[in-house]
$ cat input-v1.txt   # compact mmCIF, C-alpha atoms
# COMPACT_ATOMS: atom_id res chain seq x y z
CA MET P 1 119.89 -50.36 222.65
CA SER P 2 121.69 -52.53 225.22
CA LYS P 3 125.02 -51.43 226.65
CA THR P 4 128.08 -53.44 225.60
CA THR P 5 129.43 -55.33 228.60
CA LEU P 6 133.09 -55.68 229.46
CA LYS P 7 132.94 -59.36 228.61
CA ASP P 8 131.42 -58.50 225.22
CA TYR P 9 134.39 -56.23 224.49
CA TYR P 10 136.85 -59.01 225.28
CA LEU P 11 134.94 -61.46 223.12
CA SER P 12 134.86 -58.93 220.28
CA LEU P 13 138.65 -58.75 220.46
CA GLY P 14 138.99 -62.48 219.91
CA ILE P 15 139.01 -63.89 223.43
CA ASP P 16 137.00 -67.12 223.74
CA GLU P 17 134.43 -67.23 226.51
CA LYS P 18 136.20 -70.20 228.12
CA VAL P 19 139.51 -68.30 228.21
CA TYR P 20 137.78 -65.20 229.60
CA ASP P 21 136.00 -67.12 232.37
CA PHE P 22 139.17 -69.04 233.32
CA CYS P 23 141.21 -65.84 233.61
CA SER P 24 138.45 -63.97 235.47
CA ASP P 25 138.27 -66.72 238.09
CA ILE P 26 142.05 -66.46 238.61
CA GLU P 27 141.91 -62.68 238.92
CA ALA P 28 139.19 -62.81 241.56
CA GLY P 29 141.61 -64.43 244.00
CA LEU P 30 144.32 -61.77 243.67
CA GLU P 31 142.70 -58.84 245.45
CA ASP P 32 144.88 -59.00 248.58
CA ARG P 33 148.11 -59.31 246.56
CA PHE P 34 147.15 -56.30 244.48
CA LYS P 35 146.41 -54.26 247.60
CA ASP P 36 149.93 -54.92 248.91
CA ILE P 37 151.36 -53.67 245.62
CA ASP P 38 149.23 -50.54 245.80
CA ASN P 39 150.64 -49.80 249.27
CA ILE P 40 154.22 -49.99 247.95
CA ALA P 41 153.29 -47.77 245.02
CA GLU P 42 151.84 -45.16 247.36
CA TYR P 43 155.01 -45.14 249.46
CA ASN P 44 157.22 -44.71 246.40
CA GLN P 45 154.93 -42.09 244.89
CA ILE P 46 155.26 -39.92 247.97
CA LYS P 47 159.03 -40.47 248.00
CA VAL P 48 159.32 -39.23 244.41
CA LEU P 49 157.00 -36.29 245.05
CA LYS P 50 159.01 -35.28 248.12
CA ALA P 51 162.25 -35.36 246.10
CA MET P 52 160.73 -33.17 243.39
CA GLN P 53 159.51 -30.62 245.90
CA GLU P 54 162.81 -30.56 247.78
CA ALA P 55 164.64 -29.99 244.49
CA ARG P 56 162.21 -27.14 243.76
CA LEU P 57 161.34 -28.51 240.34
CA ALA P 58 159.92 -25.59 238.35
CA GLU P 59 158.21 -25.01 235.03
CA GLU P 60 161.37 -23.40 233.69
CA HIS P 61 163.27 -26.66 234.28
CA LEU P 62 161.07 -28.48 231.79
CA ASN P 63 162.30 -26.45 228.81
CA GLY P 64 165.18 -27.92 226.85
CA THR P 65 168.60 -26.71 225.79
CA THR P 66 170.56 -27.30 222.59
CA GLY P 67 174.18 -27.28 221.55
CA TYR P 68 176.62 -27.83 224.38
CA GLY P 69 173.91 -27.70 227.01
CA TYR P 70 175.81 -25.41 229.35
CA ASN P 71 173.86 -24.25 232.41
CA ASP P 72 170.98 -26.66 231.79
CA SER P 73 169.08 -26.13 235.03
CA GLY P 74 166.46 -28.73 234.13
CA ARG P 75 169.06 -31.44 233.62
CA GLU P 76 170.62 -30.52 236.95
CA ALA P 77 167.25 -30.58 238.70
CA VAL P 78 166.41 -34.04 237.37
CA GLU P 79 169.78 -35.39 238.50
CA GLU P 80 169.27 -33.88 241.95
CA ILE P 81 165.85 -35.55 242.13
CA TYR P 82 167.27 -38.94 241.13
CA ALA P 83 170.00 -38.65 243.77
CA LYS P 84 167.36 -37.92 246.42
CA VAL P 85 165.07 -40.74 245.32
CA PHE P 86 167.89 -43.30 245.28
CA GLY P 87 169.60 -41.91 248.39
CA THR P 88 172.95 -41.19 246.74
CA GLU P 89 175.48 -38.35 246.64
CA GLU P 90 175.20 -37.79 242.89
CA ALA P 91 173.33 -38.95 239.80
CA LEU P 92 173.93 -38.99 236.06
CA VAL P 93 170.61 -39.02 234.15
CA ARG P 94 171.01 -38.46 230.43
CA GLN P 95 169.21 -39.09 227.18
CA GLN P 96 172.68 -39.49 225.64
CA ILE P 97 172.81 -42.87 227.41
CA THR P 98 171.21 -45.03 224.74
CA CYS P 99 170.15 -48.09 226.78
CA GLY P 100 170.73 -50.06 229.96
CA THR P 101 173.75 -51.87 228.49
CA HIS P 102 175.29 -48.52 227.57
CA ALA P 103 174.73 -47.25 231.12
CA LEU P 104 176.40 -50.36 232.53
CA TYR P 105 179.33 -50.00 230.12
CA ILE P 106 179.83 -46.40 231.20
CA ALA P 107 179.74 -47.33 234.87
CA LEU P 108 182.21 -50.19 234.40
CA SER P 109 184.67 -48.56 232.00
CA ALA P 110 184.70 -45.29 233.93
CA ASN P 111 185.69 -46.90 237.20
CA LEU P 112 188.03 -49.66 236.03
CA ARG P 113 191.60 -49.52 234.76
CA PRO P 114 193.89 -52.07 233.06
CA GLY P 115 194.76 -54.83 235.49
CA ASP P 116 191.53 -54.52 237.46
CA GLU P 117 189.11 -57.40 237.79
CA ILE P 118 185.30 -57.60 237.91
CA LEU P 119 183.64 -60.23 240.09
CA SER P 120 180.03 -61.31 239.62
CA PRO P 121 178.71 -63.10 242.73
CA VAL P 122 175.46 -63.96 240.94
CA GLY P 123 176.90 -66.15 238.19
CA LYS P 124 176.41 -65.42 234.52
CA VAL P 125 175.90 -61.79 233.53
CA TYR P 126 173.15 -60.67 231.16
CA ASP P 127 173.74 -61.60 227.52
CA THR P 128 174.53 -58.12 226.20
CA LEU P 129 176.97 -57.49 229.06
CA GLU P 130 179.01 -60.53 227.99
CA GLY P 131 180.14 -58.55 224.95
CA VAL P 132 180.89 -55.48 227.05
CA ILE P 133 183.07 -57.40 229.47
CA GLY P 134 184.62 -59.67 226.85
CA VAL P 135 183.20 -62.99 228.08
CA ARG P 136 182.03 -63.18 224.48
CA GLU P 137 184.61 -61.72 222.10
CA SER P 138 183.55 -58.25 220.98
CA LYS P 139 185.39 -55.25 219.58
CA GLY P 140 186.07 -52.63 222.22
CA SER P 141 185.34 -54.94 225.14
CA LEU P 142 186.85 -54.33 228.55
CA ALA P 143 188.97 -57.44 228.03
CA GLU P 144 190.79 -55.66 225.21
CA PHE P 145 191.94 -53.10 227.79
CA GLY P 146 193.30 -55.68 230.20
CA ILE P 147 190.29 -55.83 232.51
CA THR P 148 189.48 -59.35 233.63
CA PHE P 149 186.31 -61.03 234.85
CA ARG P 150 185.36 -63.95 237.03
CA GLN P 151 182.07 -65.24 238.34
CA VAL P 152 180.77 -67.18 241.30
CA ASP P 153 177.61 -69.12 240.57
CA LEU P 154 174.66 -68.98 242.89
CA LEU P 155 173.88 -72.09 244.92
CA PRO P 156 171.15 -74.40 243.60
CA ASP P 157 168.55 -72.72 245.82
CA GLY P 158 169.42 -69.29 244.37
CA SER P 159 171.33 -68.03 247.41
CA PHE P 160 174.87 -66.64 247.46
CA ASP P 161 177.86 -68.97 247.74
CA TYR P 162 179.63 -66.92 250.38
CA ASP P 163 182.61 -69.26 250.71
CA SER P 164 183.35 -69.10 246.99
CA ILE P 165 182.83 -65.33 246.91
CA LYS P 166 185.43 -64.90 249.65
CA ALA P 167 187.83 -67.25 247.86
CA ASN P 168 187.54 -65.28 244.60
CA ILE P 169 188.18 -61.80 246.01
CA ASN P 170 191.83 -60.95 245.45
CA GLU P 171 194.18 -57.99 245.11
CA LYS P 172 192.92 -57.32 241.56
CA THR P 173 189.22 -57.27 242.48
CA LYS P 174 188.15 -53.66 241.90
CA LEU P 175 184.42 -53.92 241.18
CA ILE P 176 181.58 -56.26 242.16
CA GLU P 177 178.84 -56.50 239.52
CA ILE P 178 175.51 -57.58 241.02
CA GLN P 179 172.70 -58.23 238.57
CA ARG P 180 169.47 -57.82 240.50
CA SER P 181 167.08 -59.27 237.93
CA LYS P 182 167.19 -62.74 236.44
CA GLY P 183 167.94 -61.79 232.82
CA TYR P 184 167.50 -64.71 230.44
CA ASP P 185 167.73 -67.16 233.29
CA VAL P 186 165.22 -68.87 235.54
CA ARG P 187 167.01 -68.08 238.80
CA PRO P 188 165.21 -66.05 241.46
CA THR P 189 165.55 -62.28 241.33
CA LEU P 190 167.47 -60.81 244.26
CA SER P 191 165.71 -58.78 246.93
CA VAL P 192 167.24 -55.52 248.13
CA GLU P 193 167.75 -57.18 251.51
CA GLN P 194 169.78 -60.00 249.91
CA ILE P 195 171.83 -57.48 247.95
CA GLY P 196 172.55 -55.54 251.14
CA GLU P 197 173.70 -58.69 252.90
CA VAL P 198 176.17 -59.69 250.18
CA ILE P 199 177.51 -56.14 249.90
CA SER P 200 178.11 -56.04 253.65
CA PHE P 201 179.90 -59.38 253.45
CA ILE P 202 182.09 -58.26 250.55
CA LYS P 203 182.92 -54.89 252.10
CA GLY P 204 183.95 -56.75 255.26
CA ILE P 205 186.58 -58.54 253.18
CA LYS P 206 187.65 -55.63 250.97
CA PRO P 207 186.22 -52.27 252.12
CA ASP P 208 187.43 -50.23 249.14
CA VAL P 209 185.89 -52.46 246.45
CA ILE P 210 183.18 -50.80 244.32
CA CYS P 211 179.81 -52.55 244.51
CA MET P 212 177.66 -51.85 241.45
CA VAL P 213 174.09 -53.09 241.04
CA ASP P 214 172.43 -53.59 237.68
CA ASN P 215 169.05 -52.30 238.87
CA CYS P 216 167.13 -52.83 235.61
CA TYR P 217 163.52 -53.97 236.10
CA GLY P 218 163.75 -53.59 239.89
CA GLU P 219 163.16 -49.89 240.51
CA PHE P 220 160.14 -49.10 242.74
CA VAL P 221 159.22 -52.77 243.18
CA GLU P 222 160.22 -52.43 246.85
CA THR P 223 160.25 -49.40 249.14
CA ILE P 224 164.06 -49.26 249.21
CA GLU P 225 166.72 -49.42 246.50
CA PRO P 226 170.14 -51.15 246.52
CA SER P 227 171.84 -47.77 246.89
CA GLU P 228 170.25 -47.54 250.35
CA VAL P 229 171.90 -50.77 251.52
CA GLY P 230 175.51 -50.10 250.54
CA ALA P 231 175.74 -50.13 246.73
CA ASP P 232 178.25 -47.59 245.43
CA MET P 233 176.39 -47.39 242.10
CA VAL P 234 172.96 -48.40 240.86
CA VAL P 235 172.44 -48.43 237.11
CA GLY P 236 169.37 -48.66 234.91
CA SER P 237 167.44 -47.68 231.79
CA LEU P 238 164.85 -44.94 231.49
CA ILE P 239 162.73 -47.00 229.09
CA LYS P 240 162.19 -49.48 231.88
CA ASN P 241 160.65 -48.78 235.30
CA PRO P 242 161.93 -45.28 236.17
CA GLY P 243 160.88 -43.73 232.85
CA GLY P 244 157.24 -44.49 233.57
CA GLY P 245 156.55 -45.12 229.89
CA LEU P 246 157.12 -41.45 229.04
CA ALA P 247 160.90 -41.17 228.78
CA PRO P 248 161.73 -41.74 225.07
CA ILE P 249 165.35 -42.76 225.70
CA GLY P 250 168.02 -42.58 228.36
CA GLY P 251 169.71 -44.18 231.31
CA TYR P 252 170.74 -43.34 234.84
CA ILE P 253 173.65 -44.02 237.18
CA CYS P 254 173.28 -43.02 240.83
CA GLY P 255 176.04 -43.38 243.39
CA THR P 256 178.98 -41.86 245.19
CA LYS P 257 180.36 -38.56 243.97
CA GLU P 258 183.64 -40.14 242.90
CA CYS P 259 181.96 -42.90 240.89
CA ILE P 260 179.50 -40.54 239.20
CA ASP P 261 182.18 -37.99 238.35
CA ASN P 262 184.14 -40.78 236.68
CA CYS P 263 181.02 -41.83 234.76
CA ALA P 264 180.36 -38.29 233.57
CA TYR P 265 183.90 -37.93 232.23
CA ARG P 266 183.51 -41.25 230.42
CA LEU P 267 180.12 -40.31 228.94
CA THR P 268 181.27 -36.95 227.59
CA SER P 269 184.98 -36.17 227.78
CA PRO P 270 187.74 -35.66 230.34
CA GLY P 271 187.56 -32.06 231.48
CA LEU P 272 183.89 -31.67 230.55
CA GLY P 273 181.97 -34.26 232.56
CA LYS P 274 178.49 -33.28 233.71
CA GLU P 275 178.76 -29.70 232.41
CA VAL P 276 177.72 -30.59 228.86
CA GLY P 277 174.90 -32.57 227.28
CA ALA P 278 171.91 -30.68 225.96
CA SER P 279 168.51 -31.91 227.13
CA LEU P 280 166.93 -31.34 223.69
CA GLY P 281 163.41 -30.96 225.04
CA VAL P 282 163.05 -34.34 226.78
CA THR P 283 163.43 -33.14 230.37
CA ARG P 284 159.65 -32.91 230.75
CA ASN P 285 159.20 -36.54 229.64
CA ILE P 286 161.97 -37.80 231.90
CA ALA P 287 160.68 -35.90 234.94
CA GLN P 288 157.03 -36.75 234.38
CA GLY P 289 157.95 -40.36 233.66
CA LEU P 290 159.73 -40.60 237.02
CA PHE P 291 156.65 -39.11 238.67
CA MET P 292 154.47 -41.80 237.08
CA ALA P 293 156.96 -44.63 237.63
CA PRO P 294 155.69 -45.98 240.98
CA THR P 295 152.14 -46.54 239.73
CA VAL P 296 153.25 -47.79 236.31
CA THR P 297 155.60 -50.27 238.00
CA ALA P 298 152.72 -51.41 240.21
CA SER P 299 150.61 -52.09 237.12
CA ALA P 300 153.40 -54.19 235.62
CA LEU P 301 153.76 -56.14 238.86
CA LYS P 302 150.06 -56.94 238.94
CA GLY P 303 150.28 -58.19 235.36
CA ALA P 304 153.22 -60.42 236.27
CA ILE P 305 151.36 -61.94 239.21
CA PHE P 306 148.29 -62.48 237.06
CA ALA P 307 150.45 -64.25 234.43
CA ALA P 308 152.12 -66.49 237.02
CA ASN P 309 148.78 -67.58 238.42
CA ILE P 310 147.34 -68.27 234.96
CA TYR P 311 150.21 -70.38 233.68
CA GLU P 312 150.98 -72.18 236.92
CA LYS P 313 147.36 -73.26 237.04
CA LEU P 314 147.88 -74.71 233.55
CA GLY P 315 150.85 -76.76 234.77
CA PHE P 316 153.83 -74.68 233.60
CA LYS P 317 156.81 -73.70 235.74
CA THR P 318 156.78 -69.99 236.55
CA VAL P 319 159.58 -67.89 238.07
CA PRO P 320 158.64 -66.34 240.42
CA ASN P 321 155.83 -68.73 241.16
CA ALA P 322 152.25 -67.68 241.81
CA THR P 323 152.71 -66.91 245.51
CA GLU P 324 156.32 -65.73 245.89
CA ASP P 325 157.28 -62.16 246.76
CA ARG P 326 158.29 -59.94 243.85
CA TYR P 327 161.62 -58.16 243.41
CA ASP P 328 161.38 -57.16 239.74
CA ILE P 329 158.68 -56.85 237.09
CA ILE P 330 159.79 -59.84 235.00
CA GLN P 331 157.72 -63.00 234.85
CA ALA P 332 159.35 -66.09 233.39
CA VAL P 333 157.27 -69.00 232.13
CA GLU P 334 159.16 -72.15 231.21
CA PHE P 335 157.30 -73.71 228.28
CA GLY P 336 159.85 -76.30 227.15
CA LYS P 337 158.77 -76.05 223.50
CA PRO P 338 159.56 -73.34 220.91
CA GLU P 339 156.04 -73.42 219.43
CA LEU P 340 154.56 -72.42 222.81
CA ILE P 341 156.94 -69.46 223.02
CA GLN P 342 155.93 -68.42 219.51
CA ALA P 343 152.22 -68.59 220.32
CA PHE P 344 152.67 -66.70 223.59
CA CYS P 345 154.54 -63.87 221.87
CA GLU P 346 151.97 -63.73 219.08
CA GLY P 347 149.31 -63.16 221.73
CA ILE P 348 151.24 -60.35 223.41
CA GLN P 349 151.78 -58.67 220.04
CA ALA P 350 148.11 -59.04 219.12
CA ALA P 351 147.19 -57.22 222.34
CA ALA P 352 149.39 -54.21 221.60
CA PRO P 353 148.09 -50.70 220.84
CA VAL P 354 150.84 -50.28 218.22
CA ASP P 355 151.62 -52.87 215.48
CA SER P 356 149.01 -55.30 216.79
CA TYR P 357 148.70 -56.79 213.29
CA VAL P 358 152.39 -57.82 213.16
CA THR P 359 153.48 -61.42 213.74
CA PRO P 360 156.73 -61.67 215.75
CA VAL P 361 159.37 -64.09 214.49
CA PRO P 362 162.78 -65.14 215.87
CA TRP P 363 165.73 -63.08 214.61
CA ASP P 364 169.48 -62.62 215.11
CA MET P 365 169.33 -59.81 217.65
CA PRO P 366 172.65 -57.98 218.24
CA GLY P 367 174.37 -58.96 221.47
CA TYR P 368 172.77 -62.40 221.88
CA ASP P 369 174.20 -65.86 221.21
CA SER P 370 170.95 -67.35 219.87
CA GLN P 371 167.94 -66.13 217.95
CA VAL P 372 165.50 -64.11 220.03
CA ILE P 373 161.77 -63.63 219.55
CA MET P 374 160.36 -60.36 220.79
CA ALA P 375 156.80 -59.11 221.06
CA ALA P 376 156.29 -55.42 221.70
CA GLY P 377 153.87 -52.93 220.26
CA ALA P 378 155.06 -49.93 222.22
CA PHE P 379 154.75 -46.16 222.04
CA VAL P 380 158.49 -46.03 222.83
CA SER P 381 160.38 -48.54 220.71
CA GLY P 382 161.83 -51.33 222.84
CA ALA P 383 160.41 -49.97 226.10
CA SER P 384 160.11 -53.00 228.33
CA ILE P 385 158.04 -51.13 230.90
CA GLU P 386 155.37 -51.34 228.21
CA LEU P 387 153.65 -54.66 227.54
CA SER P 388 156.26 -56.92 225.99
CA ALA P 389 157.67 -60.42 225.96
CA ASP P 390 160.86 -61.93 224.65
CA ALA P 391 162.65 -65.24 224.67
CA PRO P 392 165.91 -66.76 223.43
CA MET P 393 165.14 -69.66 221.13
CA LYS P 394 167.03 -72.25 223.15
CA GLU P 395 166.50 -74.58 226.10
CA PRO P 396 164.64 -74.42 228.42
CA TYR P 397 162.42 -72.37 226.05
CA ALA P 398 161.36 -69.89 228.70
CA VAL P 399 159.57 -66.69 227.80
CA TYR P 400 160.08 -63.49 229.77
CA PHE P 401 157.06 -61.26 230.13
CA GLN P 402 157.19 -57.74 231.51
CA GLY P 403 155.51 -54.40 231.54
CA GLY P 404 152.12 -52.96 231.01
CA LEU P 405 151.63 -49.23 231.52
CA THR P 406 148.25 -50.17 232.98
CA TYR P 407 147.24 -53.39 234.65
CA GLU P 408 144.22 -53.62 232.39
CA HIS P 409 146.45 -53.77 229.33
CA ALA P 410 148.77 -56.33 230.90
CA LYS P 411 145.73 -58.44 231.79
CA PHE P 412 144.46 -58.37 228.22
CA GLY P 413 147.90 -59.30 226.91
CA ILE P 414 148.07 -62.37 229.12
CA MET P 415 144.56 -63.41 228.12
CA MET P 416 145.46 -63.03 224.46
CA SER P 417 148.67 -65.05 224.93
CA LEU P 418 146.59 -67.90 226.31
CA GLN P 419 144.07 -67.46 223.51
CA LYS P 420 146.77 -67.97 220.86
CA ILE P 421 148.05 -71.07 222.63
CA VAL P 422 144.52 -72.50 222.78
CA GLU P 423 143.85 -71.71 219.11
CA LYS P 424 146.96 -73.64 218.09
CA GLY P 425 145.90 -76.64 220.15
CA LEU P 426 149.07 -76.53 222.25
CA ILE P 427 147.40 -77.18 225.59
CA VAL P 428 144.69 -79.57 226.70
CA TRP P 429 142.04 -78.06 228.93

$ encode --input "input-v1.txt" --output "structure tokens"
Amino acid sequence: MSKTTLKDYYLSLGIDEKVYDFCSDIEAGLEDRFKDIDNIAEYNQIKVLKAMQEARLAEEHLNGTTGYGYNDSGREAVEEIYAKVFGTEEALVRQQITCGTHALYIALSANLRPGDEILSPVGKVYDTLEGVIGVRESKGSLAEFGITFRQVDLLPDGSFDYDSIKANINEKTKLIEIQRSKGYDVRPTLSVEQIGEVISFIKGIKPDVICMVDNCYGEFVETIEPSEVGADMVVGSLIKNPGGGLAPIGGYICGTKECIDNCAYRLTSPGLGKEVGASLGVTRNIAQGLFMAPTVTASALKGAIFAANIYEKLGFKTVPNATEDRYDIIQAVEFGKPELIQAFCEGIQAAAPVDSYVTPVPWDMPGYDSQVIMAAGAFVSGASIELSADAPMKEPYAVYFQGGLTYEHAKFGIMMSLQKIVEKGLIVW
């Protein structure tokens, strides 16, 4: 009996031979890029391991608490580890933080007071944060409490408009909100070096302003984090990069002691702060997920690069493009047509280990101003470090692909996305 070849397996899963051969030829030219990513992963892996050893992480820390969560040594150990990894004074790492938007809301509302103003030097904030701030009317927004917002758009080449930033900093400016990743936009993602430069510029104008970085999708992509180049807070979700695909829920905020204390009192209650919040048995998943995060992030990066090379070769605009350096795990492909987005997402869904038989359709997703189509068959619901893709159903009809706990899975997902597009006759070979 002959052994089934790898190519046979792909063909048995519905990949046409022409699609397989096209993608294999692309992959063959990526060896050097992948090696560079592996080197970054190794650096970050050792950094995380060192932090865990310095914090003396022990078996007893992995057991959970219930009720109030007083004296939860595991929770305290994880927060110490996060502070070491991100190079900050303190950290708040909790499963009670429901998502990245929640973490950002805590960080903002905890450190702002009526009359204060937020300034975004990167233009438009992410869609869900518009409701938080009050750019889009929403009950309980910061605008309802007298907190104002203004933005400075990036220049056409994606760089900071330093003159306009300086002109918009005033006596009310209390917090600078820097979104590292592109969100539902086709602008370049910011490098840590760029973030450090703009923070230095802003602090030179107003030293006491709080600089907060929305770090979602960027953790462990580089060997340094924004908190190591002057950010007072970095904020993210545990079901993205730092959770390593194992954290079932949660968010983190790392930063100065004053900022994190404020966040803890906002998350729980004045007078209680970090002292309460039972871990409920998820400390092991959060800690092990962080341990796995550097290599999982590397797998997602390889998948993004593979996707950019595939679709750029087919004539589509990709952001980042096939050769640019990477500063987050998100790959945008600008299709220009809604039917191409639909086919792409159908392919990603069909490649999933969970709910592979489901067909994604656009829906009115809370927090967004247009219908959104999402493809994700994940072990953790909504975990965008797992293979997933989503897109707002509006111009320029760009799809945003991210994740893949393993490169091999991300590769299959991209091949299947192309397969669905080919089956529908939406491209001409």

$ residues_around --input "input-v1.txt" --residues "range 216-222 of chain P" --least-positions-apart "5" --cutoff "7 Å" --atoms "all atoms listed in the file" --output "list of chain:residue names"
P:Ile40, P:Asn44, P:Ser181, P:Gly236, P:Ser237, P:Lys240, P:Asn241, P:Pro242, P:Pro294, P:Thr297, P:Tyr327, P:Asp328, P:Ile329

$ closest_residue --input "input-v1.txt" --among "P:Thr295, P:Val93, P:Val399, P:Gly367" --to "Leu340 in chain P" --atoms "only C-alpha atoms"
P:Val399

$ residues_near_point --input "input-v1.txt" --point "(166.5, -47.8, 249.1)" --cutoff "10 Å" --atoms "only C-alpha atoms" --output "PyMOL selection string"
chain P and resi 85-88+192-193+219-220+222-231

$ residues_around --input "input-v1.txt" --residues "Lys124 in chain P" --least-positions-apart "3" --cutoff "10 Å" --atoms "only C-alpha atoms" --output "list in words"
Ser120, Pro121, Asp127, Leu129, Glu130, Val135, Arg150, Gln151, Val152, Asp153, Leu154, Gln179, Lys182, Gly183, Tyr184 and Asp185 of chain P

$ write_last_selection --input "input-v1.txt" --atoms "C-alpha atoms" --output "short mmCIF file (atom, residue, chain, number, x, y, z; two decimals), keeping the file's coordinate frame"
data_model
loop_
_atom_site.label_atom_id
_atom_site.label_comp_id
_atom_site.auth_asym_id
_atom_site.auth_seq_id
_atom_site.Cartn_x
_atom_site.Cartn_y
_atom_site.Cartn_z
CA SER P 120 180.03 -61.31 239.62
CA PRO P 121 178.71 -63.10 242.73
CA ASP P 127 173.74 -61.60 227.52
CA LEU P 129 176.97 -57.49 229.06
CA GLU P 130 179.01 -60.53 227.99
CA VAL P 135 183.20 -62.99 228.08
CA ARG P 150 185.36 -63.95 237.03
CA GLN P 151 182.07 -65.24 238.34
CA VAL P 152 180.77 -67.18 241.30
CA ASP P 153 177.61 -69.12 240.57
CA LEU P 154 174.66 -68.98 242.89
CA GLN P 179 172.70 -58.23 238.57
CA LYS P 182 167.19 -62.74 236.44
CA GLY P 183 167.94 -61.79 232.82
CA TYR P 184 167.50 -64.71 230.44
CA ASP P 185 167.73 -67.16 233.29
#

$ residues_around --input "input-v1.txt" --residues "Tyr10 in chain P" --least-positions-apart "3" --cutoff "10 Å" --atoms "only C-alpha atoms" --output "MDAnalysis selection string"
chainID P and resid 5:7 13:17 20 412 415:416

$ residues_around --input "input-v1.txt" --residues "Thr268 in chain P" --least-positions-apart "5" --cutoff "12 Å" --atoms "all atoms listed in the file" --output "count of residues only"
17

$ atom_distance --input "input-v1.txt" --atom1 "CA of Gly244 in chain P" --atom2 "CA of Cys23 in chain P"
26.7 Å

$ decode --input "input-v1.txt" --residues "range 112-126 of chain P" --atoms "N, CA and C atoms" --output "PDB file, in the first residue's frame"
ATOM      1  N   LEU P 112      -8.444  59.311  33.232  1.00  0.00           N
ATOM      2  CA  LEU P 112      -8.973  60.573  32.743  1.00  0.00           C
ATOM      3  C   LEU P 112     -10.078  61.084  33.653  1.00  0.00           C
ATOM      4  N   ARG P 113     -10.239  62.400  33.699  1.00  0.00           N
ATOM      5  CA  ARG P 113     -11.275  63.022  34.509  1.00  0.00           C
ATOM      6  C   ARG P 113     -12.015  64.056  33.665  1.00  0.00           C
ATOM      7  N   PRO P 114     -13.227  64.443  34.060  1.00  0.00           N
ATOM      8  CA  PRO P 114     -13.973  65.445  33.294  1.00  0.00           C
ATOM      9  C   PRO P 114     -13.125  66.676  32.989  1.00  0.00           C
ATOM     10  N   GLY P 115     -13.177  67.098  31.741  1.00  0.00           N
ATOM     11  CA  GLY P 115     -12.380  68.242  31.309  1.00  0.00           C
ATOM     12  C   GLY P 115     -11.084  67.849  30.622  1.00  0.00           C
ATOM     13  N   ASP P 116     -10.681  66.597  30.780  1.00  0.00           N
ATOM     14  CA  ASP P 116      -9.463  66.124  30.114  1.00  0.00           C
ATOM     15  C   ASP P 116      -9.739  65.841  28.637  1.00  0.00           C
ATOM     16  N   GLU P 117      -8.677  65.807  27.867  1.00  0.00           N
ATOM     17  CA  GLU P 117      -8.810  65.523  26.443  1.00  0.00           C
ATOM     18  C   GLU P 117      -7.841  64.426  26.015  1.00  0.00           C
ATOM     19  N   ILE P 118      -8.329  63.557  25.106  1.00  0.00           N
ATOM     20  CA  ILE P 118      -7.521  62.511  24.482  1.00  0.00           C
ATOM     21  C   ILE P 118      -7.079  63.010  23.113  1.00  0.00           C
ATOM     22  N   LEU P 119      -5.832  62.743  22.761  1.00  0.00           N
ATOM     23  CA  LEU P 119      -5.343  63.067  21.422  1.00  0.00           C
ATOM     24  C   LEU P 119      -4.819  61.798  20.764  1.00  0.00           C
ATOM     25  N   SER P 120      -5.326  61.508  19.570  1.00  0.00           N
ATOM     26  CA  SER P 120      -4.797  60.406  18.773  1.00  0.00           C
ATOM     27  C   SER P 120      -3.918  60.982  17.670  1.00  0.00           C
ATOM     28  N   PRO P 121      -2.610  60.697  17.679  1.00  0.00           N
ATOM     29  CA  PRO P 121      -1.733  61.204  16.627  1.00  0.00           C
ATOM     30  C   PRO P 121      -1.677  60.278  15.417  1.00  0.00           C
ATOM     31  N   VAL P 122      -2.519  59.234  15.424  1.00  0.00           N
ATOM     32  CA  VAL P 122      -2.509  58.272  14.311  1.00  0.00           C
ATOM     33  C   VAL P 122      -3.823  58.291  13.531  1.00  0.00           C
ATOM     34  N   GLY P 123      -4.596  59.352  13.717  1.00  0.00           N
ATOM     35  CA  GLY P 123      -5.863  59.474  12.998  1.00  0.00           C
ATOM     36  C   GLY P 123      -6.983  58.727  13.681  1.00  0.00           C
ATOM     37  N   LYS P 124      -7.841  58.150  12.875  1.00  0.00           N
ATOM     38  CA  LYS P 124      -9.037  57.464  13.345  1.00  0.00           C
ATOM     39  C   LYS P 124      -8.692  56.311  14.283  1.00  0.00           C
ATOM     40  N   VAL P 125      -9.447  56.208  15.394  1.00  0.00           N
ATOM     41  CA  VAL P 125      -9.268  55.087  16.303  1.00  0.00           C
ATOM     42  C   VAL P 125     -10.044  53.876  15.782  1.00  0.00           C
ATOM     43  N   TYR P 126      -9.758  52.718  16.359  1.00  0.00           N
ATOM     44  CA  TYR P 126     -10.440  51.488  15.962  1.00  0.00           C
ATOM     45  C   TYR P 126     -11.947  51.623  16.187  1.00  0.00           C
TER      46      TYR P 126
END
